[in-house]
Amino acid sequence: MTSSTQSSLLEGLTEPQQKAVLYQDGPLLVLAGPGSGKTRVITHRIAHLVRSGELASSILAVTFTNKAAGEMRRRVQTLLSERGQDATRILACTFHSFGARVLRGYAAEAGVAADFTVLDADDQAKACKQAMVESGEGTAHLTPRTVLNEISGFKDLLISSDQAVSEARDWRARSVARIYSVYEKVLRRSSALDFDDLLCRVALLVRNHESVRNQLQKRFRNILVDEYQDTNHAQFSMVLDLAKQHRRLCVVGDPDQSIYGWRGADLGNILKFEEHFPDARVVALGENFRSTELIVHAASVLVQNNRQRRHKELRSMRGAGEAPRYSRCMDERLEAARVVQEAQQASQNGMPWRSMAVLYRMNSMSRVLEEAFRREGIPHQVVRGTAFYDRREVKDLVGYLRLVANPHDELALSRIVNVPPRGLGSTSFSKIELHAARKGIPLIDAMAAPKEAGVLARAATAATALAAKIRGWRHSAETQSAESLSDMLGQIARESGLESHYLAEDREAADQGESRVENLAQVVSAAAEFVAERSMQESQDEVGTPWGTALDALRAYLERIALVSDSDNFDPERGAVTLMTLHAAKGLEFALVCMVGLEQGSLPHARSLDASGDLEEERRLCFVGMTRAEDRLLLTSAAVRTVRGQTLATIESMFIRELNNELVHEEETNEASDDDQTLPSHSSHRSGLRAGMRVRHPLFGIGTVEGISPRGSGTAVRVAFAAVGHKTLMLEFAKLQILG
DNA sequence: CCGTCCGAGTTTTTT
DNA sequence: ACTCGGACGG
């Protein structure tokens, strides 16, 4: 390699960044604080590997979302194409899609069906419920949710259902373990895998199957893992086994940004990297090129309240900038109004809408914000309100598609067996299910010969017809080319009867605005786009199989659908304000960030308020949100919030207290929505007093108004006094002086 | 077998 | 507030 090769690649990189790009003598941990040029380091490192002679196809780059993978591939390509080199054979993908690819390539060795379906969360829940019924375990104190969580935990730790059963020590654990066994049977019967299978089955495959391990080690000599702080045990085990021969492993992450502990992410993976790899080199990137000094400092002050962390200095490489601001609003509608006002003001100062984001803890908080933005006519995009693929009609069509791709998919079958209504109700379907179970034949075969199950003639005819239709579609999928995928989907939408079914429903609910038939059409056109996209980038020679037939294309399309993430449908070019959860915002940056709902119970979330480890994760989540902001940061809370129909007073987030000196506290006026009819009482209007206002009482001193409500013929005011705590006073008698 | 009504449970975050 | 599942009447 010539020195000119290096200089062009390393240009503009800081010294630690260069080290992270160049070091190739063993395992490398890059501790990358927010805004420290992490993506730049990874892309340059990959480009450097290729330039120094490594085959592009020997590089595996694991990212957190498909979007990030695509972006990485694009950026590496740009770096490489200057010298006429090619990045297309680099495999950049998520852990889950890597897992799916490996399992398709080594289905026999892994002991899975080659045409397996990936279950979505809904089906997983259904499969779990079914397992609870079939296992006959008393389910009174076990919810599918908790059972599923525990099953997920087992799979993460690579514990099989047999092991779980034999290691169960009490009655409850035995019960869960038995359900786990039956759950596995249900999935196997359906040739289905859940998300965790995509990780744990690969981890077990590379651990136990020497020849597969050797092949994969040989193929992927260079491994990079982004967002390493969010890997779980199965992922760690997989990476360890894949990398242990060549030891050319580079992991990048930030313990302070670990926010997926609830789904098994193990902070120990990054905190103890050097214990796992004693010869590892560590490079810390603490210079922040994204945010101004006051923002970085505030975020840093907050996260320093955590105990479980690796100390790392964060320095802003930009000017001081504006201090982050905090506004306590009276309720969530006024909070939304405050956010809208902030966005409008920024816009007037020349900031484009696409550089602004509103972040919240829970998806349910998006609605009131969305309404406010819509009312003001501000362009905005909600990154997953209800995801497109969660809609009923879309799931129905996808159900048919899944059956064509994998006729054993019982979960898909039970979803669509009577949609549209075809005279095959639950009674007959259960009989067919029972018959299949008794004879030990696949459900779809029992559907084809329903008479034996002893169902009514009408139901039998319907069952035979449905089975025949599925067989017919499958036949054409096998014989047609990949290009005709979308035509095929259109055909299935029509011939299944879904289209006319939903056409009728659309007519009945014409006022609803959204057309279900249009959504069906969108699935069809999305498939067309998918095929076009794929043929443009040519076959990437991945571990999976190349596609020739429509069936191959269909499988790939279904897999894509199953593995899309929320942030995958974030489009930075849309010229709109982005509304999304704090989790979805990871890895992104915006000139202006508004974080709403800084309240105990929201952020930190109620579920984390007991265990201290969880609380630290909430603090990290807050840290992640704050560090998305480049120039301006506004935090807000609502003194009163309506959740599930109940309006309750809130307590300000403890994080606000921790940040106290770093924030400029706004005096809330909330003049913007005086026309709002939902304000608690008119008397409060007359007096001009509002929650969040500062008042002085002759005896109790200075306090903040928390709420106002009618009481008898007068008005009660609840005030939090700095000196004496909470008091409820009658407005008419208490001599309150309004400070603002 | 199908539609409607009623009551119960909501479960943070997501691949 | 909202959705899902179960019971009941057509």
# chains A, B, ... in the order shown; residues from 1 in each chain; ligands from 1

call {"tool": "interface_residues", "arguments": {"of": "chain B", "to": "chain A", "cutoff": "7 Å", "atoms": "only C-alpha atoms (C1' of nucleotides)", "output": "ChimeraX atom specification"}}
result
/B:1,12-13,15

call {"tool": "interface_residues", "arguments": {"of": "chain A", "to": "chain C", "cutoff": "10 Å", "atoms": "only C-alpha atoms (C1' of nucleotides)", "output": "list in words"}}
result
Thr642, Val643, Arg644, Gly645 and Gln646 of chain A

call {"tool": "select_by_dssp", "arguments": {"residues": "segment 360-573 of chain A", "states": "alpha helix (DSSP H)", "output": "PyMOL selection string"}}
result
chain A and resi 366-375+392-405+410-416+426-439+443-448+457-479+485-495+498-508+516-536+550-563

call {"tool": "select_by_dssp", "arguments": {"residues": "segment 461-641 of chain A", "states": "strand (DSSP E)", "output": "JSON, numbers by chain"}}
result
{"A": [577, 578, 579, 580, 581, 590, 591, 592, 593, 594, 595, 629, 630, 631, 632, 633, 634, 635, 636, 637, 638, 639, 640, 641]}

call {"tool": "atom_distance", "arguments": {"atom1": "atom CA of Thr143 of chain A", "atom2": "atom CA of Lys126 of chain A"}}
result
11.9 Å

call {"tool": "residues_around", "arguments": {"residues": "Leu60 of chain A", "least_positions_apart": "4", "cutoff": "9 Å", "atoms": "only C-alpha atoms (C1' of nucleotides)", "output": "list in words"}}
result
Ala56, Ile90, Leu91, Ala92, Cys93, Phe220, Arg221, Asn222, Ile223, Leu224 and Val225 of chain A

call {"tool": "atom_distance", "arguments": {"atom1": "atom CA of Asp170 of chain A", "atom2": "atom CA of Ile151 of chain A"}}
result
16.2 Å
